[in-house]
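Colleague: Could you have a look at this structure, given as structure tokens, before my questions?
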Amino acid sequence: MKWPENGTLVRFRRHDEEEWREGEFDEQNQMFVEIYAPELITHNTNDIAEWVQADFD
């Protein structure tokens with residue numbers, strides 16, 4: 001799977017959940033970081049089923 005560029009805002013879904021989450025891609029650590037979580041929550045690229053670039057305007 002091709003990953004987004006560093007800092008790209010995305011919506012993503014994990015393999016083990018149906019819920020879509022909103023976040024940002026951290027290319028250096030190969031992680032998706034949730035942006036609306038009350039504390040830091042990251043998701044490894046191995047856990048991601050699909051993602052789409054988001055426009056949160």
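Residue names in the structure tokens use chain letters A, B, ... in the order shown, residue numbers from 1 in each chain, and ligand numbers from 1 in the order shown.
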Please provide the set of residues having any atom within 9 Å of segment 24-40 of chain A, restricted to only C-alpha atoms, with same-chain residues fewer than 2 positions apart removed, written as a VMD selection string.

Modeller: chain A and resid 3 to 12 21 to 22 42 to 45 48

Colleague: Which polymer residues have any atom within 6 Å of an atom of segment 13-17 of chain A, counting only C-alpha atoms, with same-chain residues fewer than 2 positions away left out, as a PyMOL selection string?

Modeller: chain A and resi 19-20+47-50
